[in-house]
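Pasted below: run.cif, mmCIF, C-alpha atoms.
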```cif
data_start
loop_
_atom_site.group_PDB
_atom_site.id
_atom_site.type_symbol
_atom_site.label_atom_id
_atom_site.label_comp_id
_atom_site.auth_asym_id
_atom_site.auth_seq_id
_atom_site.Cartn_x
_atom_site.Cartn_y
_atom_site.Cartn_z
ATOM 1 C CA MET A 1 20.666 9.372 1.541
ATOM 2 C CA SER A 2 24.420 8.728 1.756
ATOM 3 C CA ASP A 3 27.005 6.777 3.725
ATOM 4 C CA GLN A 4 28.564 9.756 5.567
ATOM 5 C CA GLN A 5 31.219 10.548 2.966
ATOM 6 C CA LYS A 6 32.686 14.017 3.336
ATOM 7 C CA GLY A 7 32.774 14.630 -0.423
ATOM 8 C CA LEU A 8 29.045 13.983 -0.749
ATOM 9 C CA ASP A 9 28.279 16.333 2.131
ATOM 10 C CA ARG A 10 30.094 19.222 0.433
ATOM 11 C CA ALA A 11 28.603 18.420 -2.990
ATOM 12 C CA LEU A 12 25.032 18.290 -1.692
ATOM 13 C CA ALA A 13 25.527 21.543 0.193
ATOM 14 C CA GLU A 14 26.663 23.267 -3.003
ATOM 15 C CA VAL A 15 24.416 21.660 -5.633
ATOM 16 C CA LEU A 16 21.273 21.007 -3.567
ATOM 17 C CA PRO A 17 21.435 23.422 -0.626
ATOM 18 C CA ASN A 18 17.713 23.141 0.187
ATOM 19 C CA SER A 19 17.500 19.344 0.071
ATOM 20 C CA GLU A 20 17.123 17.186 3.159
ATOM 21 C CA HIS A 21 20.118 14.936 3.777
ATOM 22 C CA ARG A 22 20.186 11.780 5.877
ATOM 23 C CA TYR A 23 22.737 9.040 6.564
ATOM 24 C CA CYS A 24 22.267 5.282 6.197
ATOM 25 C CA VAL A 25 22.035 3.508 9.548
ATOM 26 C CA GLN A 26 23.870 0.418 8.323
ATOM 27 C CA HIS A 27 26.924 2.449 7.324
ATOM 28 C CA MET A 28 26.707 4.560 10.467
ATOM 29 C CA TYR A 29 26.549 1.469 12.676
ATOM 30 C CA ARG A 30 29.829 0.171 11.270
ATOM 31 C CA ASN A 31 31.556 3.234 12.678
ATOM 32 C CA PHE A 32 29.358 3.257 15.768
ATOM 33 C CA LYS A 33 30.257 -0.275 16.868
ATOM 34 C CA LYS A 34 34.005 0.464 16.807
ATOM 35 C CA LYS A 35 33.643 2.611 19.921
ATOM 36 C CA HIS A 36 30.330 1.283 21.230
ATOM 37 C CA PRO A 37 30.149 -2.494 20.643
ATOM 38 C CA GLY A 38 27.557 -4.816 22.060
ATOM 39 C CA LEU A 39 24.185 -6.242 21.108
ATOM 40 C CA GLY A 40 22.374 -4.021 23.606
ATOM 41 C CA LEU A 41 23.609 -0.820 21.967
ATOM 42 C CA LYS A 42 22.859 -2.211 18.506
ATOM 43 C CA ASP A 43 19.231 -2.962 19.390
ATOM 44 C CA ARG A 44 18.742 0.448 20.974
ATOM 45 C CA LEU A 45 20.268 2.241 17.980
ATOM 46 C CA TRP A 46 17.972 0.517 15.492
ATOM 47 C CA HIS A 47 15.000 1.095 17.784
ATOM 48 C CA ILE A 48 15.710 4.840 17.664
ATOM 49 C CA ALA A 49 15.955 4.797 13.871
ATOM 50 C CA SER A 50 12.654 2.924 13.467
ATOM 51 C CA THR A 51 10.492 5.198 15.630
ATOM 52 C CA THR A 52 7.807 7.249 13.869
ATOM 53 C CA THR A 53 6.650 9.679 16.553
ATOM 54 C CA VAL A 54 8.450 12.352 18.545
ATOM 55 C CA GLU A 55 7.328 10.816 21.823
ATOM 56 C CA HIS A 56 8.652 7.367 20.966
ATOM 57 C CA PHE A 57 11.847 8.904 19.602
ATOM 58 C CA ASN A 58 12.515 10.813 22.826
ATOM 59 C CA GLN A 59 11.659 7.747 24.887
ATOM 60 C CA ALA A 60 14.124 5.643 22.887
ATOM 61 C CA LEU A 61 16.783 8.356 23.326
ATOM 62 C CA ASP A 62 16.228 8.386 27.088
ATOM 63 C CA ASP A 63 16.603 4.616 27.139
ATOM 64 C CA LEU A 64 19.900 4.873 25.271
ATOM 65 C CA GLU A 65 21.145 7.662 27.563
ATOM 66 C CA ALA A 66 20.365 5.592 30.644
ATOM 67 C CA TYR A 67 22.193 2.630 29.136
ATOM 68 C CA ASP A 68 25.264 4.469 27.803
ATOM 69 C CA GLN A 69 25.717 8.243 27.839
ATOM 70 C CA GLU A 70 28.609 8.218 25.339
ATOM 71 C CA ALA A 71 26.438 6.569 22.683
ATOM 72 C CA HIS A 72 23.528 8.957 23.290
ATOM 73 C CA ALA A 73 24.442 11.281 20.390
ATOM 74 C CA TRP A 74 23.973 8.619 17.682
ATOM 75 C CA CYS A 75 20.386 9.033 16.490
ATOM 76 C CA ASP A 76 18.137 10.376 13.704
ATOM 77 C CA MET A 77 19.208 7.873 11.027
ATOM 78 C CA LEU A 78 17.405 5.784 8.391
ATOM 79 C CA VAL A 79 18.327 2.964 6.010
ATOM 80 C CA ASN A 80 18.126 3.043 2.219
ATOM 81 C CA ASN A 81 18.428 -0.271 0.390
ATOM 82 C CA LEU A 82 17.663 1.010 -3.134
ATOM 83 C CA CYS A 83 21.309 1.485 -4.103
ATOM 84 C CA GLU A 84 22.313 -1.889 -2.654
ATOM 85 C CA SER A 85 19.513 -3.612 -4.579
ATOM 86 C CA PHE A 86 20.534 -1.954 -7.848
ATOM 87 C CA ASN A 87 24.199 -2.886 -7.369
ATOM 88 C CA ALA A 88 23.198 -6.504 -6.821
ATOM 89 C CA HIS A 89 21.553 -6.603 -10.273
ATOM 90 C CA ILE A 90 24.524 -5.167 -12.165
ATOM 91 C CA LEU A 91 27.323 -7.323 -10.757
ATOM 92 C CA GLU A 92 28.230 -8.786 -14.158
ATOM 93 C CA ALA A 93 27.858 -5.445 -15.944
ATOM 94 C CA ARG A 94 30.250 -3.685 -13.578
ATOM 95 C CA ASP A 95 33.174 -5.853 -14.710
ATOM 96 C CA GLN A 96 32.739 -4.899 -18.376
ATOM 97 C CA PRO A 97 34.103 -1.846 -20.238
ATOM 98 C CA ILE A 98 32.144 1.373 -19.995
ATOM 99 C CA ILE A 99 30.158 0.968 -23.246
ATOM 100 C CA SER A 100 29.361 -2.694 -22.612
ATOM 101 C CA MET A 101 28.384 -1.863 -19.029
ATOM 102 C CA MET A 102 25.992 0.889 -20.124
ATOM 103 C CA GLU A 103 24.497 -1.384 -22.778
ATOM 104 C CA ALA A 104 23.928 -4.155 -20.207
ATOM 105 C CA ILE A 105 22.274 -1.698 -17.812
ATOM 106 C CA ARG A 106 20.088 -0.339 -20.626
ATOM 107 C CA GLU A 107 18.893 -3.834 -21.527
ATOM 108 C CA TYR A 108 18.187 -4.610 -17.882
ATOM 109 C CA LEU A 109 16.120 -1.437 -17.441
ATOM 110 C CA MET A 110 14.239 -2.007 -20.707
ATOM 111 C CA GLU A 111 13.274 -5.529 -19.633
ATOM 112 C CA ARG A 112 12.373 -4.428 -16.112
ATOM 113 C CA ILE A 113 10.104 -1.594 -17.282
ATOM 114 C CA GLN A 114 8.222 -3.911 -19.638
ATOM 115 C CA LYS A 115 7.769 -6.579 -16.960
ATOM 116 C CA ARG A 116 6.472 -4.043 -14.447
ATOM 117 C CA ARG A 117 4.004 -2.614 -16.956
ATOM 118 C CA ALA A 118 2.770 -6.080 -17.902
ATOM 119 C CA ALA A 119 2.313 -7.029 -14.252
ATOM 120 C CA MET A 120 0.365 -3.866 -13.460
ATOM 121 C CA GLU A 121 -1.950 -4.362 -16.443
ATOM 122 C CA LYS A 122 -3.126 -7.631 -14.886
ATOM 123 C CA TYR A 123 -3.749 -5.999 -11.521
ATOM 124 C CA LYS A 124 -7.351 -4.836 -11.180
ATOM 125 C CA LEU A 125 -7.343 -3.199 -7.729
ATOM 126 C CA ASP A 126 -5.855 0.166 -6.672
ATOM 127 C CA GLY A 127 -4.470 -0.693 -3.263
ATOM 128 C CA TYR A 128 -2.206 -2.617 -0.980
ATOM 129 C CA GLN A 129 -2.567 -4.204 2.430
ATOM 130 C CA ALA A 130 -1.205 -2.165 5.369
ATOM 131 C CA LYS A 131 -0.408 -3.382 8.863
ATOM 132 C CA GLY A 132 0.170 -0.998 11.753
ATOM 133 C CA PRO A 133 1.715 -1.293 15.224
ATOM 134 C CA ARG A 134 -0.321 -2.648 18.144
ATOM 135 C CA GLY A 135 -0.473 -2.058 21.836
ATOM 136 C CA ALA A 136 -0.820 1.757 21.694
ATOM 137 C CA GLN A 137 -3.612 4.333 21.338
ATOM 138 C CA PHE A 138 -3.500 7.056 18.660
ATOM 139 C CA ALA A 139 -5.867 9.670 17.270
ATOM 140 C CA VAL A 140 -7.048 9.522 13.633
ATOM 141 C CA ASP A 141 -8.262 12.520 11.604
ATOM 142 C CA LEU A 142 -10.076 11.279 8.479
ATOM 143 C CA ASP A 143 -10.571 14.769 7.083
ATOM 144 C CA LYS A 144 -6.833 15.479 7.067
ATOM 145 C CA ASN A 145 -5.816 11.880 6.334
ATOM 146 C CA GLU A 146 -3.577 11.856 9.384
ATOM 147 C CA CYS A 147 -2.832 9.567 12.299
ATOM 148 C CA THR A 148 -0.688 10.470 15.270
ATOM 149 C CA CYS A 149 1.403 7.332 14.774
ATOM 150 C CA ASN A 150 2.712 9.041 11.582
ATOM 151 C CA LEU A 151 2.815 5.759 9.644
ATOM 152 C CA TRP A 152 0.089 6.965 7.309
ATOM 153 C CA ALA A 153 2.023 10.135 6.504
ATOM 154 C CA LEU A 154 5.315 8.272 6.009
ATOM 155 C CA SER A 155 4.057 5.489 3.755
ATOM 156 C CA GLY A 156 0.971 7.002 2.131
ATOM 157 C CA ILE A 157 -1.010 3.888 3.132
ATOM 158 C CA PRO A 158 -3.622 4.037 5.919
ATOM 159 C CA CYS A 159 -2.298 2.476 9.092
ATOM 160 C CA SER A 160 -4.184 -0.057 11.196
ATOM 161 C CA HIS A 161 -5.730 2.710 13.292
ATOM 162 C CA ALA A 162 -6.916 4.590 10.186
ATOM 163 C CA ILE A 163 -8.376 1.414 8.656
ATOM 164 C CA ALA A 164 -10.340 0.753 11.832
ATOM 165 C CA ALA A 165 -11.688 4.309 11.759
ATOM 166 C CA LEU A 166 -12.563 4.062 8.051
ATOM 167 C CA HIS A 167 -14.538 0.848 8.597
ATOM 168 C CA ARG A 168 -16.302 2.532 11.473
ATOM 169 C CA ALA A 169 -17.253 5.441 9.185
ATOM 170 C CA LYS A 170 -18.207 2.994 6.387
ATOM 171 C CA LYS A 171 -15.586 4.348 4.003
ATOM 172 C CA ASP A 172 -13.372 2.468 1.585
ATOM 173 C CA PRO A 173 -9.724 2.395 2.807
ATOM 174 C CA TYR A 174 -8.475 1.856 -0.762
ATOM 175 C CA LYS A 175 -9.687 5.295 -1.743
ATOM 176 C CA MET A 176 -7.552 6.849 0.989
ATOM 177 C CA LEU A 177 -4.274 5.687 -0.543
ATOM 178 C CA ALA A 178 -1.769 8.273 -1.729
ATOM 179 C CA ASN A 179 -1.677 9.119 -5.434
ATOM 180 C CA CYS A 180 1.702 7.443 -5.870
ATOM 181 C CA TYR A 181 0.023 4.023 -5.454
ATOM 182 C CA HIS A 182 -2.537 4.516 -8.244
ATOM 183 C CA ARG A 183 -2.234 2.663 -11.517
ATOM 184 C CA GLU A 184 -2.235 5.886 -13.511
ATOM 185 C CA VAL A 185 0.810 7.194 -11.667
ATOM 186 C CA PHE A 186 2.500 3.820 -12.028
ATOM 187 C CA PHE A 187 2.086 3.905 -15.811
ATOM 188 C CA THR A 188 3.287 7.512 -15.886
ATOM 189 C CA ILE A 189 6.499 6.521 -14.137
ATOM 190 C CA TYR A 190 7.185 3.691 -16.609
ATOM 191 C CA ASP A 191 5.966 5.636 -19.637
ATOM 192 C CA ASN A 192 9.541 6.310 -20.807
ATOM 193 C CA VAL A 193 9.974 2.947 -22.512
ATOM 194 C CA LEU A 194 13.485 2.220 -23.798
ATOM 195 C CA GLN A 195 13.233 1.248 -27.448
ATOM 196 C CA PRO A 196 15.419 -1.596 -28.814
ATOM 197 C CA ILE A 197 18.464 -0.565 -30.871
ATOM 198 C CA ASN A 198 20.891 -2.210 -33.302
ATOM 199 C CA GLY A 199 24.245 -3.730 -32.394
ATOM 200 C CA ASP A 200 27.459 -1.737 -32.118
ATOM 201 C CA ILE A 201 28.478 -2.722 -35.668
ATOM 202 C CA GLN A 202 25.630 -0.615 -37.075
ATOM 203 C CA TRP A 203 26.264 2.353 -34.802
ATOM 204 C CA PRO A 204 27.218 5.610 -36.629
ATOM 205 C CA GLN A 205 30.908 6.464 -36.658
ATOM 206 C CA SER A 206 31.974 9.297 -34.409
ATOM 207 C CA ASP A 207 34.416 12.078 -35.366
ATOM 208 C CA MET A 208 35.507 12.593 -31.791
ATOM 209 C CA LEU A 209 39.011 11.773 -30.624
ATOM 210 C CA GLU A 210 39.390 8.129 -29.624
ATOM 211 C CA LEU A 211 40.453 7.729 -26.047
ATOM 212 C CA ASP A 212 42.718 4.928 -24.950
ATOM 213 C CA PRO A 213 41.487 2.864 -22.012
ATOM 214 C CA PRO A 214 43.306 3.369 -18.730
ATOM 215 C CA ALA A 215 46.121 1.004 -17.853
ATOM 216 C CA SER A 216 44.688 -1.968 -16.017
ATOM 217 C CA VAL A 217 46.308 -3.101 -12.796
ATOM 218 C CA THR A 218 45.761 -6.723 -11.855
ATOM 219 C CA GLN A 219 45.081 -6.973 -8.166
ATOM 220 C CA PRO A 220 46.245 -10.053 -6.230
ATOM 221 C CA GLY A 221 43.675 -12.727 -5.567
ATOM 222 C CA ARG A 222 40.365 -13.525 -7.181
ATOM 223 C CA PRO A 223 38.293 -10.432 -8.057
ATOM 224 C CA LYS A 224 35.270 -9.961 -5.824
ATOM 225 C CA LYS A 225 31.936 -9.146 -7.455
ATOM 226 C CA ALA A 226 29.560 -9.168 -4.543
ATOM 227 C CA ARG A 227 29.640 -6.488 -1.885
ATOM 228 C CA LYS A 228 31.556 -7.458 1.221
ATOM 229 C CA ARG A 229 28.941 -7.766 3.917
ATOM 230 C CA ASP A 230 29.581 -6.823 7.487
ATOM 231 C CA VAL A 231 29.466 -9.509 10.161
ATOM 232 C CA THR A 232 26.447 -7.822 11.710
ATOM 233 C CA GLU A 233 24.353 -8.105 8.519
ATOM 234 C CA GLY A 234 23.728 -11.840 8.926
ATOM 235 C CA LYS A 235 20.215 -12.997 9.671
ATOM 236 C CA ASP A 236 21.240 -15.065 12.720
ATOM 237 C CA HIS A 237 23.955 -12.731 14.005
ATOM 238 C CA GLY A 238 22.080 -11.838 17.157
ATOM 239 C CA LYS A 239 21.019 -15.438 17.829
ATOM 240 C CA ARG A 240 24.537 -16.731 17.281
ATOM 241 C CA LEU A 241 25.920 -14.096 19.629
ATOM 242 C CA ARG A 242 23.429 -14.934 22.346
ATOM 243 C CA LYS A 243 23.863 -18.704 22.145
ATOM 244 C CA ARG A 244 27.600 -19.175 21.720
ATOM 245 C CA VAL A 245 29.239 -16.188 23.382
ATOM 246 C CA VAL A 246 28.896 -15.365 27.081
ATOM 247 C CA ILE A 247 30.828 -12.235 28.005
ATOM 248 C CA HIS A 248 32.096 -11.836 31.579
ATOM 249 C CA CYS A 249 33.377 -8.565 32.971
ATOM 250 C CA ARG A 250 36.691 -8.819 34.800
ATOM 251 C CA LYS A 251 36.011 -5.510 36.546
ATOM 252 C CA CYS A 252 32.752 -6.265 38.344
ATOM 253 C CA GLY A 253 32.239 -9.942 37.512
ATOM 254 C CA GLY A 254 28.920 -9.352 35.721
ATOM 255 C CA ILE A 255 27.656 -11.084 32.582
ATOM 256 C CA GLY A 256 26.788 -9.464 29.255
ATOM 257 C CA HIS A 257 29.459 -6.768 29.050
ATOM 258 C CA ASN A 258 33.210 -6.280 29.377
ATOM 259 C CA ALA A 259 35.438 -4.051 31.477
ATOM 260 C CA LYS A 260 35.629 -1.363 28.772
ATOM 261 C CA THR A 261 31.878 -0.720 28.759
ATOM 262 C CA CYS A 262 31.289 -1.559 32.435
ATOM 263 C CA LYS A 263 29.304 1.022 34.412
ATOM 264 C CA ASN A 264 29.308 -0.876 37.736
ATOM 265 C CA PRO A 265 31.729 -0.293 40.622
ATOM 266 C CA PRO A 266 34.737 -2.644 40.705
ATOM 267 C CA LYS A 267 34.892 -5.592 43.035
ATOM 268 C CA SER A 268 36.871 -5.358 46.261
ATOM 269 C CA SER A 269 40.424 -6.672 46.423
ATOM 270 C CA THR A 270 39.328 -9.627 48.541
ATOM 271 C CA GLU A 271 36.842 -10.682 45.852
ATOM 272 C CA GLN A 272 39.262 -10.213 42.942
ATOM 273 C CA GLN A 273 42.132 -12.223 44.478
ATOM 274 C CA PRO A 274 41.491 -15.755 45.765
ATOM 275 C CA SER A 275 42.659 -16.471 49.292
ATOM 276 C CA GLN A 276 46.104 -18.058 49.478
ATOM 277 C CA GLU A 277 46.142 -20.304 52.528
ATOM 278 C CA PRO A 278 49.391 -22.059 53.481
ATOM 279 C CA ALA A 279 49.572 -25.731 52.638
ATOM 280 C CA PRO A 280 49.228 -28.155 55.589
ATOM 281 C CA THR A 281 52.364 -29.605 57.133
ATOM 282 C CA GLY A 282 53.546 -32.716 55.363
ATOM 283 C CA GLN A 283 51.798 -31.891 52.080
ATOM 284 C CA PRO A 284 53.647 -30.191 49.227
ATOM 285 C CA SER A 285 52.339 -26.869 47.891
ATOM 286 C CA GLN A 286 51.265 -26.312 44.307
ATOM 287 C CA GLN A 287 54.708 -24.983 43.394
ATOM 288 C CA GLN A 288 56.402 -28.037 44.918
ATOM 289 C CA GLN A 289 54.222 -30.606 43.172
ATOM 290 C CA HIS A 290 55.908 -32.251 40.184
ATOM 291 C CA GLU A 291 54.097 -32.282 36.922
ATOM 292 C CA ALA A 292 53.508 -35.568 35.110
ATOM 293 C CA PRO A 293 56.158 -36.288 32.446
ATOM 294 C CA THR A 294 55.159 -35.767 28.873
ATOM 295 C CA LYS A 295 55.171 -38.456 26.201
ATOM 296 C CA ARG A 296 58.456 -37.215 24.759
ATOM 297 C CA GLN A 297 60.106 -37.306 28.179
ATOM 298 C CA ARG A 298 58.912 -40.877 28.771
ATOM 299 C CA VAL A 299 60.344 -42.003 25.414
ATOM 300 C CA CYS A 300 63.723 -40.398 26.171
ATOM 301 C CA LEU A 301 63.823 -41.999 29.615
ATOM 302 C CA HIS A 302 63.002 -45.412 28.158
ATOM 303 C CA PHE A 303 65.775 -45.042 25.577
ATOM 304 C CA ILE A 304 68.354 -44.116 28.251
ATOM 305 C CA ILE A 305 67.437 -47.098 30.396
ATOM 306 C CA THR A 306 67.595 -49.480 27.432
ATOM 307 C CA PHE A 307 70.946 -48.108 26.296
ATOM 308 C CA SER A 308 72.386 -48.477 29.843
ATOM 309 C CA LEU A 309 71.286 -52.106 30.039
ATOM 310 C CA PHE A 310 72.800 -52.810 26.616
ATOM 311 C CA VAL A 311 76.189 -51.301 27.635
ATOM 312 C CA THR A 312 76.202 -53.286 30.893
ATOM 313 C CA PHE A 313 75.422 -56.522 29.040
ATOM 314 C CA PHE A 314 78.174 -55.857 26.471
ATOM 315 C CA CYS A 315 80.767 -55.226 29.174
ATOM 316 C CA ASP A 316 79.846 -58.450 31.021
ATOM 317 C CA LEU A 317 80.043 -60.434 27.791
ATOM 318 C CA LYS A 318 83.525 -59.011 27.012
ATOM 319 C CA CYS A 319 84.805 -59.973 30.478
ATOM 320 C CA PHE A 320 83.454 -63.493 30.065
ATOM 321 C CA LEU A 321 85.214 -63.949 26.740
#
```

Will you turn the file into structure tokens for me?
Amino acid sequence: MSDQQKGLDRALAEVLPNSEHRYCVQHMYRNFKKKHPGLGLKDRLWHIASTTTVEHFNQALDDLEAYDQEAHAWCDMLVNNLCESFNAHILEARDQPIISMMEAIREYLMERIQKRRAAMEKYKLDGYQAKGPRGAQFAVDLDKNECTCNLWALSGIPCSHAIAALHRAKKDPYKMLANCYHREVFFTIYDNVLQPINGDIQWPQSDMLELDPPASVTQPGRPKKARKRDVTEGKDHGKRLRKRVVIHCRKCGGIGHNAKTCKNPPKSSTEQQPSQEPAPTGQPSQQQQHEAPTKRQRVCLHFIITFSLFVTFFCDLKCFL
């Protein structure tokens, strides 16, 4: 799972030629929305990525093709939040030198492994609750542990259709879980406990050549620790877009899209240009109407009138004397 970097594509092709490679939808959507913006395309893209059957996938693709043919090629993508979650836990460690950063990560992993082991020791059951989609009919094969919705095969947990069939056959759904959810496998994963070590003062001296740290360059502004989130990652992004922004198309006059993504025929020239009827006789047209003076113009006019009255009064007083 990667973010569509060209270097990673070449490296995976050389190092792991037989591995399956997929792109993250969140990173793909950032490039997708530059040429195909709009909430309608965003919802259809994520609907394609979340489908679990071939039939639903093709149906979602047909829906996208009917909506926008240029955006039809963007499909077959998934999201991976494991890397983002790990980066969020090592924000402080990333700002430290390499040895201090590795030591902070080691301590974090040691504490996490112990907490997970302690939590699993208190857990007495070997299963989790699974909820499946509704409103559709699928076939369940209990002998093969398969359901045509494919959720059971993807997650390893019986879907809602499989649970209904298991209760009908009077079988325990917890025993149909994949091996990766068993306590024994959980303890095997966290069996490599990181042992505590002494401080760096008691570390053995190395005979290797000491390397100088690279020259640090102070960037302008306050350093940013958290990842810069995209505007579309907010929880209320879609609600805020629907409530506050109403897009009007200047090509066809419709609502919900702009002229760049408009698929409708343009309006006629009579509809685009308002009728310009001549003004009635005796009434000035819009070009002939005088605009109301501004506040600054009124102040200047008042000053000129006052100054003229003062000069006239001074001249009369001089003649009288």

Item to check | Minimum-distance residue to A:Arg117, chosen among A:Leu142, A:Leu12, A:Val193, A:Leu64 (using all atoms listed in the file) | outcome: A:Val193

Quick one: which stretch 17-72 of chain A residues come within 12 Å of stretch 143-163 of chain A, and what is the nearest atom pair for each with the distance in Å to one decimal, counting all atoms listed in the file, rows ordered by chain and ascending number, as CSV?
```
residue,atom,partner,partner_atom,distance
A:Ser50,CA,A:Leu151,CA,10.9
A:Thr51,CA,A:Cys149,CA,9.4
A:Thr52,CA,A:Asn150,CA,5.9
A:Thr53,CA,A:Cys149,CA,6.0
A:Val54,CA,A:Cys149,CA,9.4
A:Glu55,CA,A:Cys149,CA,9.8
A:His56,CA,A:Cys149,CA,9.5
A:Phe57,CA,A:Cys149,CA,11.6
```

Within 10 Å of stretch 96-104 of chain A: each stretch 185-262 of chain A residue with its shortest pair, all atoms listed in the file, as JSON lines:
```
{"residue": "A:Gly199", "atom": "CA", "partner": "A:Glu103", "partner_atom": "CA", "distance": 9.9}
{"residue": "A:Asp200", "atom": "CA", "partner": "A:Ile99", "partner_atom": "CA", "distance": 9.7}
{"residue": "A:Pro213", "atom": "CA", "partner": "A:Pro97", "partner_atom": "CA", "distance": 8.9}
```

Export C-alpha atoms of the chosen residues as a compact mmCIF listing (two decimals), in the frame of the given file?
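Ended up saving to selection_3.txt:
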```
# COMPACT_ATOMS: atom_id res chain seq x y z
CA GLY A 199 24.24 -3.73 -32.39
CA ASP A 200 27.46 -1.74 -32.12
CA PRO A 213 41.49 2.86 -22.01
```

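Across the model, the gap from atom CA of A:Gly256 to atom CA of A:Ala60 is 20.7 Å.
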
Checklist entry - Any chance you could work out the residue set of the PyMOL selection byres ((chain A and resi 47) around 12) here, as a count of residues only? => result 27

Item to check | Non-local contacts of A:Phe187 (10 Å; only C-alpha atoms; under 6 positions in same chain excluded) as a ChimeraX atom specification | outcome: /A:113,116-117,120-121

Checklist entry - What gap, in Å, lies between atom CA of A:Gln69 and atom CA of A:Lys6? => result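 Interatomic distance here is 26.1 Å.
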
Item to check | Explicit residues for the PyMOL selection byres ((chain A and resi 5) around 12) (as a PyMOL selection string) | outcome: chain A and resi 1-4+6-12+21-24+27-28

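With only C-alpha atoms as the atoms that count, the residue of A:Ile90, A:Glu20, A:Thr218, A:Ala13 with the shortest distance to A:Glu107 is A:Ile90.
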
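The space between atom CA of A:Thr306 and atom CA of A:Thr294 spans 18.6 Å.
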
Item to check | A:His248 surroundings by all atoms listed in the file, 7 Å radius, close-in-sequence under 4 positions cut, as a ChimeraX atom specification | outcome: /A:253-258

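For the set A:Asp68, A:Arg112, A:Leu301, A:Tyr29, the residue with the smallest atom-to-atom gap to A:Phe86 is A:Arg112, counting only C-alpha atoms.
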
Checklist entry - When the PyMOL selection byres ((chain A and resi 92) around 10) is applied to the file above, which residues end up in the set, as number ranges by chain? => result A: 87-91, 93-96, 101, 104-105, 225-226
